[in-house]
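> So that you have it, the file is run05.txt, and it contains compact mmCIF, C-alpha atoms:
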# COMPACT_ATOMS: atom_id res chain seq x y z
CA MET M 223 16.80 66.98 -54.07
CA GLU M 224 13.27 66.22 -52.99
CA LYS M 225 11.85 67.65 -49.76
CA LYS M 226 10.16 65.24 -47.36
CA THR M 227 7.88 65.78 -44.42
CA THR M 228 8.94 64.52 -41.01
CA ALA M 229 6.55 61.57 -41.21
CA GLU M 230 7.92 60.54 -44.62
CA ALA M 231 11.49 60.85 -43.38
CA ASP M 232 10.67 58.72 -40.33
CA GLU M 233 9.17 56.02 -42.54
CA ALA M 234 12.20 56.01 -44.84
CA ALA M 235 14.73 55.88 -42.01
CA PRO M 236 15.82 52.49 -40.72
CA GLN M 237 13.92 51.72 -37.54
CA ILE M 238 15.57 50.39 -34.43
CA GLY M 239 13.61 47.59 -32.84
CA GLY M 240 11.05 48.30 -30.18
CA GLN M 241 13.19 46.99 -27.35
CA ILE M 242 16.08 48.89 -25.84
CA LEU M 243 18.13 47.67 -22.89
CA VAL M 244 20.43 49.84 -20.79
CA LYS M 245 23.19 48.14 -18.80
CA THR M 246 25.57 49.80 -16.37
CA TYR M 247 29.03 48.48 -15.58
CA THR M 248 30.98 49.89 -12.62
CA GLY M 249 34.68 49.64 -11.85
CA SER M 250 37.90 50.80 -13.41
CA GLN M 251 37.84 51.71 -17.09
CA ALA M 252 39.79 48.58 -18.05
CA ALA M 253 37.55 46.28 -15.98
CA THR M 254 34.31 47.77 -17.26
CA THR M 255 35.53 47.60 -20.86
CA ALA M 256 36.43 43.94 -20.43
CA SER M 257 33.00 43.20 -18.90
CA PHE M 258 31.29 45.10 -21.70
CA GLN M 259 33.20 43.24 -24.42
CA ALA M 260 32.39 39.86 -22.87
CA ASP M 261 28.74 40.81 -22.42
CA SER M 262 28.34 42.35 -25.89
CA THR M 263 29.01 39.02 -27.61
CA ARG M 264 26.32 37.38 -25.48
CA MET M 265 23.91 40.23 -26.20
CA ALA M 266 24.69 40.04 -29.94
CA SER M 267 23.70 36.37 -29.92
CA LEU M 268 20.33 37.54 -28.56
CA GLY M 269 19.93 40.16 -31.28
CA TYR M 270 20.97 43.22 -29.24
CA PHE M 271 23.80 45.44 -30.38
CA PRO M 272 25.39 48.46 -28.66
CA ALA M 273 23.78 51.69 -29.83
CA PHE M 274 25.44 54.11 -27.41
CA GLN M 275 28.20 54.05 -24.78
CA SER M 276 29.10 56.57 -22.13
CA TRP M 277 32.03 56.44 -19.69
CA ALA M 278 31.75 58.63 -16.58
CA PRO M 279 34.87 58.71 -14.42
CA ALA M 280 34.03 58.88 -10.75
CA GLN M 281 35.34 61.48 -8.36
CA TRP M 282 35.14 62.10 -4.66
CA ARG M 283 32.33 64.35 -3.49
CA ILE M 284 33.27 67.83 -2.34
CA GLY M 285 31.73 67.16 1.08
CA ALA M 286 34.15 64.28 1.64
CA PHE M 287 37.11 66.53 0.85
CA ILE M 288 35.86 69.26 3.18
CA ALA M 289 35.28 66.77 6.00
CA THR M 290 38.75 65.29 5.48
CA LEU M 291 40.36 68.72 5.47
CA LEU M 292 38.56 69.62 8.70
CA LEU M 293 39.72 66.34 10.27
CA CYS M 294 43.31 67.23 9.34
CA PHE M 295 43.28 69.65 12.31
CA LEU M 296 42.82 66.59 14.54
CA ILE M 297 45.55 64.73 12.60
CA VAL M 298 43.05 61.94 11.89
CA GLY M 299 42.28 63.39 8.47
CA ILE M 300 45.84 63.27 7.13
CA PRO M 301 45.78 59.52 6.31
CA ALA M 302 42.26 59.91 4.92
CA LEU M 303 43.39 62.79 2.70
CA ILE M 304 46.35 60.76 1.43
CA TYR M 305 43.99 57.87 0.71
CA MET M 306 41.61 60.13 -1.21
CA LEU M 307 44.46 61.53 -3.29
CA ILE M 308 45.84 58.08 -4.20
CA VAL M 309 42.67 55.98 -4.64
CA THR M 310 40.02 56.95 -7.18
CA PRO M 311 36.46 55.68 -6.86
CA ASP M 312 34.93 53.36 -9.48
CA GLY M 313 33.70 54.89 -12.70
CA THR M 314 30.56 53.93 -14.63
CA LEU M 315 30.18 52.64 -18.19
CA THR M 316 26.60 52.89 -19.41
CA VAL M 317 25.74 50.99 -22.60
CA THR M 318 22.45 51.18 -24.49
CA TYR M 319 21.64 48.02 -26.44
CA ALA M 320 19.10 48.13 -29.27
CA PHE M 321 17.33 45.12 -30.72
CA ARG M 322 18.23 44.90 -34.41
CA GLY M 323 17.28 41.41 -35.45
CA SER M 324 15.93 38.17 -34.16
CA PRO M 325 18.46 35.46 -33.42
CA ALA M 326 18.31 32.12 -35.19
CA ASP M 327 16.99 30.11 -32.24
CA ASP M 328 13.81 31.58 -30.72
CA LYS M 329 13.99 29.29 -27.65
CA ALA M 330 17.53 30.41 -26.82
CA TRP M 331 16.44 34.00 -27.38
CA SER M 332 13.53 33.77 -24.92
CA GLU M 333 15.76 32.08 -22.33
CA GLY M 334 18.47 34.66 -22.90
CA ILE M 335 16.10 37.59 -22.37
CA GLY M 336 15.25 36.22 -18.94
CA ALA M 337 18.96 36.05 -18.12
CA VAL M 338 19.50 39.60 -19.38
CA ALA M 339 16.57 40.86 -17.31
CA ALA M 340 17.99 39.12 -14.24
CA ASP M 341 21.44 40.65 -14.90
CA SER M 342 20.04 44.15 -15.26
CA ARG M 343 18.28 43.91 -11.88
CA GLU M 344 21.58 43.27 -10.09
Can you give me the file's structure in the form of structure tokens?


Amino acid sequence: MEKKTTAEADEAAPQIGGQILVKTYTGSQAATTASFQADSTRMASLGYFPAFQSWAPAQWRIGAFIATLLLCFLIVGIPALIYMLIVTPDGTLTVTYAFRGSPADDKAWSEGIGAVAADSRE
């Protein structure tokens, strides 16, 4: 087996395109997965494919629990505590899209990039 320098290995490795987009979907895991699947087909038509995904389930902050527990002494916090135990906050699905090839229609691609940029600002 032949040894290679880092520069030679980098040249031999397949290169991901220069453009990377990161999109964040919030909601329940089922809802964010559905949004991601619908969006990934649109992104694939623009030449972007998912390179990395990360699901982060949300949780209540410790300060909210402490405040609710303190309010339990006034009886106001009991319904809030029950609510916090039943309802979970929205999680976050973060997807990194990498450009891997140009789509067939350059005009549709340039129009699509504008739509993707507008979506990512929301």

> For a quick check of understanding, using only C-alpha atoms, which of M:Phe295, M:Phe258, M:Tyr270, M:Phe287 has the smallest distance to M:Thr314?

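Among the listed residues, M:Phe258 lies closest to M:Thr314.
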
> Could you tell me how far atom CA of M:Leu291 lies from atom CA of M:Leu303, in Å and to one decimal?

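Between these atoms lies a distance of 7.2 Å.
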
> Just the residues within 8 Å of M:Thr316, please, counting all atoms listed in the file, with nothing from its chain fewer than 6 positions along; format it as a list in words.

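Once the nearby chain positions are removed, what remains is Val244, Lys245, Thr246, Tyr247, Gln275, Ser276 and Trp277 of chain M.
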
> Please put the answer as AutoDock Vina command-line options: centre and edge lengths, in Å with one decimal, of a box along x, y and z that encloses all listed atoms of stretch 262-272 of chain M plus 5 Å on each side.


--center_x 24.5 --center_y 42.4 --center_z -28.4 --size_x 19.1 --size_y 22.1 --size_z 15.8

> For M:Ile304, find every residue with an atom within 12 Å (counting all atoms listed in the file), except residues of its own chain fewer than 5 positions away, and show them as a list of chain:residue names.

M:Phe287, M:Thr290, M:Leu291, M:Cys294, M:Ile297, M:Val298, M:Gly299, M:Val309, M:Thr310

> Identify which of the residues M:Ala289, M:Met306, M:Leu243, M:Leu315 lies closest to M:Ala273, counting all atoms listed in the file when measuring atom-to-atom distances.

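The closest residue to M:Ala273 is M:Leu243.
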
> So that I can check the surroundings of M:Leu307, please list as a PDB file with C-alpha atoms, in the coordinates of the input every protein, DNA and RNA residue that reaches within 12 Å of it, counting only C-alpha atoms and ignoring chain neighbours fewer than 4 positions away.


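Saved as result_35.pdb:
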ATOM      1  CA  GLN M 281      35.340  61.480  -8.360  1.00  0.00           C
ATOM      2  CA  TRP M 282      35.140  62.100  -4.660  1.00  0.00           C
ATOM      3  CA  ALA M 286      34.150  64.280   1.640  1.00  0.00           C
ATOM      4  CA  PHE M 287      37.110  66.530   0.850  1.00  0.00           C
ATOM      5  CA  THR M 290      38.750  65.290   5.480  1.00  0.00           C
ATOM      6  CA  ILE M 300      45.840  63.270   7.130  1.00  0.00           C
ATOM      7  CA  PRO M 301      45.780  59.520   6.310  1.00  0.00           C
ATOM      8  CA  ALA M 302      42.260  59.910   4.920  1.00  0.00           C
ATOM      9  CA  LEU M 303      43.390  62.790   2.700  1.00  0.00           C
ATOM     10  CA  PRO M 311      36.460  55.680  -6.860  1.00  0.00           C
TER      11      PRO M 311
END

> Name the residues, using the chain letters and numbers of the file, that sit within 6 Å of (16.3, 44.6, -31.6) when counting all atoms listed in the file, and give them as a PyMOL selection string.

chain M and resi 239+241+269-270+320-323

> As an exercise, work out the distance from atom CA of M:Thr263 to atom CA of M:Gly249 in Å and give it to one decimal place.

19.8 Å

> How far is it from atom CA of M:Ser267 to atom CA of M:Ser250, in Å with one decimal?

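According to the coordinates, atom CA of M:Ser267 and atom CA of M:Ser250 are separated by 26.1 Å.
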
> Is there a way to complete stretch 284-307 of chain M with N, CA and C atoms and then write that out as a PDB file, in the coordinates of the input?


ATOM      1  N   ILE M 284      32.630  66.676  -2.973  1.00  0.00           N
ATOM      2  CA  ILE M 284      33.270  67.830  -2.340  1.00  0.00           C
ATOM      3  C   ILE M 284      33.095  67.794  -0.823  1.00  0.00           C
ATOM      4  N   GLY M 285      31.975  67.264  -0.360  1.00  0.00           N
ATOM      5  CA  GLY M 285      31.730  67.160   1.080  1.00  0.00           C
ATOM      6  C   GLY M 285      32.742  66.246   1.755  1.00  0.00           C
ATOM      7  N   ALA M 286      33.154  65.182   1.071  1.00  0.00           N
ATOM      8  CA  ALA M 286      34.150  64.280   1.640  1.00  0.00           C
ATOM      9  C   ALA M 286      35.499  64.980   1.762  1.00  0.00           C
ATOM     10  N   PHE M 287      35.858  65.782   0.767  1.00  0.00           N
ATOM     11  CA  PHE M 287      37.110  66.530   0.850  1.00  0.00           C
ATOM     12  C   PHE M 287      37.077  67.557   1.980  1.00  0.00           C
ATOM     13  N   ILE M 288      35.976  68.252   2.114  1.00  0.00           N
ATOM     14  CA  ILE M 288      35.860  69.260   3.180  1.00  0.00           C
ATOM     15  C   ILE M 288      35.951  68.600   4.550  1.00  0.00           C
ATOM     16  N   ALA M 289      35.245  67.482   4.718  1.00  0.00           N
ATOM     17  CA  ALA M 289      35.280  66.770   6.000  1.00  0.00           C
ATOM     18  C   ALA M 289      36.696  66.285   6.300  1.00  0.00           C
ATOM     19  N   THR M 290      37.384  65.777   5.285  1.00  0.00           N
ATOM     20  CA  THR M 290      38.750  65.290   5.480  1.00  0.00           C
ATOM     21  C   THR M 290      39.694  66.436   5.831  1.00  0.00           C
ATOM     22  N   LEU M 291      39.517  67.568   5.161  1.00  0.00           N
ATOM     23  CA  LEU M 291      40.360  68.720   5.470  1.00  0.00           C
ATOM     24  C   LEU M 291      40.118  69.233   6.887  1.00  0.00           C
ATOM     25  N   LEU M 292      38.864  69.208   7.332  1.00  0.00           N
ATOM     26  CA  LEU M 292      38.560  69.620   8.700  1.00  0.00           C
ATOM     27  C   LEU M 292      39.148  68.635   9.712  1.00  0.00           C
ATOM     28  N   LEU M 293      39.147  67.352   9.375  1.00  0.00           N
ATOM     29  CA  LEU M 293      39.720  66.340  10.270  1.00  0.00           C
ATOM     30  C   LEU M 293      41.245  66.411  10.309  1.00  0.00           C
ATOM     31  N   CYS M 294      41.854  67.082   9.324  1.00  0.00           N
ATOM     32  CA  CYS M 294      43.310  67.230   9.340  1.00  0.00           C
ATOM     33  C   CYS M 294      43.770  68.029  10.562  1.00  0.00           C
ATOM     34  N   PHE M 295      42.917  68.903  11.100  1.00  0.00           N
ATOM     35  CA  PHE M 295      43.280  69.650  12.310  1.00  0.00           C
ATOM     36  C   PHE M 295      43.403  68.719  13.510  1.00  0.00           C
ATOM     37  N   LEU M 296      42.723  67.580  13.464  1.00  0.00           N
ATOM     38  CA  LEU M 296      42.820  66.590  14.540  1.00  0.00           C
ATOM     39  C   LEU M 296      43.842  65.502  14.206  1.00  0.00           C
ATOM     40  N   ILE M 297      44.535  65.638  13.106  1.00  0.00           N
ATOM     41  CA  ILE M 297      45.550  64.730  12.600  1.00  0.00           C
ATOM     42  C   ILE M 297      44.957  63.414  12.097  1.00  0.00           C
ATOM     43  N   VAL M 298      43.716  63.154  12.372  1.00  0.00           N
ATOM     44  CA  VAL M 298      43.050  61.940  11.890  1.00  0.00           C
ATOM     45  C   VAL M 298      42.810  62.033  10.385  1.00  0.00           C
ATOM     46  N   GLY M 299      42.630  63.223   9.877  1.00  0.00           N
ATOM     47  CA  GLY M 299      42.280  63.390   8.470  1.00  0.00           C
ATOM     48  C   GLY M 299      43.441  63.282   7.514  1.00  0.00           C
ATOM     49  N   ILE M 300      44.679  63.326   8.021  1.00  0.00           N
ATOM     50  CA  ILE M 300      45.840  63.270   7.130  1.00  0.00           C
ATOM     51  C   ILE M 300      45.904  61.939   6.382  1.00  0.00           C
ATOM     52  N   PRO M 301      45.786  60.782   7.069  1.00  0.00           N
ATOM     53  CA  PRO M 301      45.780  59.520   6.310  1.00  0.00           C
ATOM     54  C   PRO M 301      44.579  59.424   5.362  1.00  0.00           C
ATOM     55  N   ALA M 302      43.447  59.941   5.784  1.00  0.00           N
ATOM     56  CA  ALA M 302      42.260  59.910   4.920  1.00  0.00           C
ATOM     57  C   ALA M 302      42.475  60.776   3.682  1.00  0.00           C
ATOM     58  N   LEU M 303      43.113  61.919   3.841  1.00  0.00           N
ATOM     59  CA  LEU M 303      43.390  62.790   2.700  1.00  0.00           C
ATOM     60  C   LEU M 303      44.372  62.131   1.743  1.00  0.00           C
ATOM     61  N   ILE M 304      45.395  61.482   2.278  1.00  0.00           N
ATOM     62  CA  ILE M 304      46.350  60.760   1.430  1.00  0.00           C
ATOM     63  C   ILE M 304      45.644  59.655   0.666  1.00  0.00           C
ATOM     64  N   TYR M 305      44.761  58.927   1.361  1.00  0.00           N
ATOM     65  CA  TYR M 305      43.990  57.870   0.710  1.00  0.00           C
ATOM     66  C   TYR M 305      43.139  58.431  -0.425  1.00  0.00           C
ATOM     67  N   MET M 306      42.479  59.547  -0.188  1.00  0.00           N
ATOM     68  CA  MET M 306      41.610  60.130  -1.210  1.00  0.00           C
ATOM     69  C   MET M 306      42.401  60.639  -2.408  1.00  0.00           C
ATOM     70  N   LEU M 307      43.637  61.054  -2.185  1.00  0.00           N
ATOM     71  CA  LEU M 307      44.460  61.530  -3.290  1.00  0.00           C
ATOM     72  C   LEU M 307      45.029  60.379  -4.124  1.00  0.00           C
TER      73      LEU M 307
END
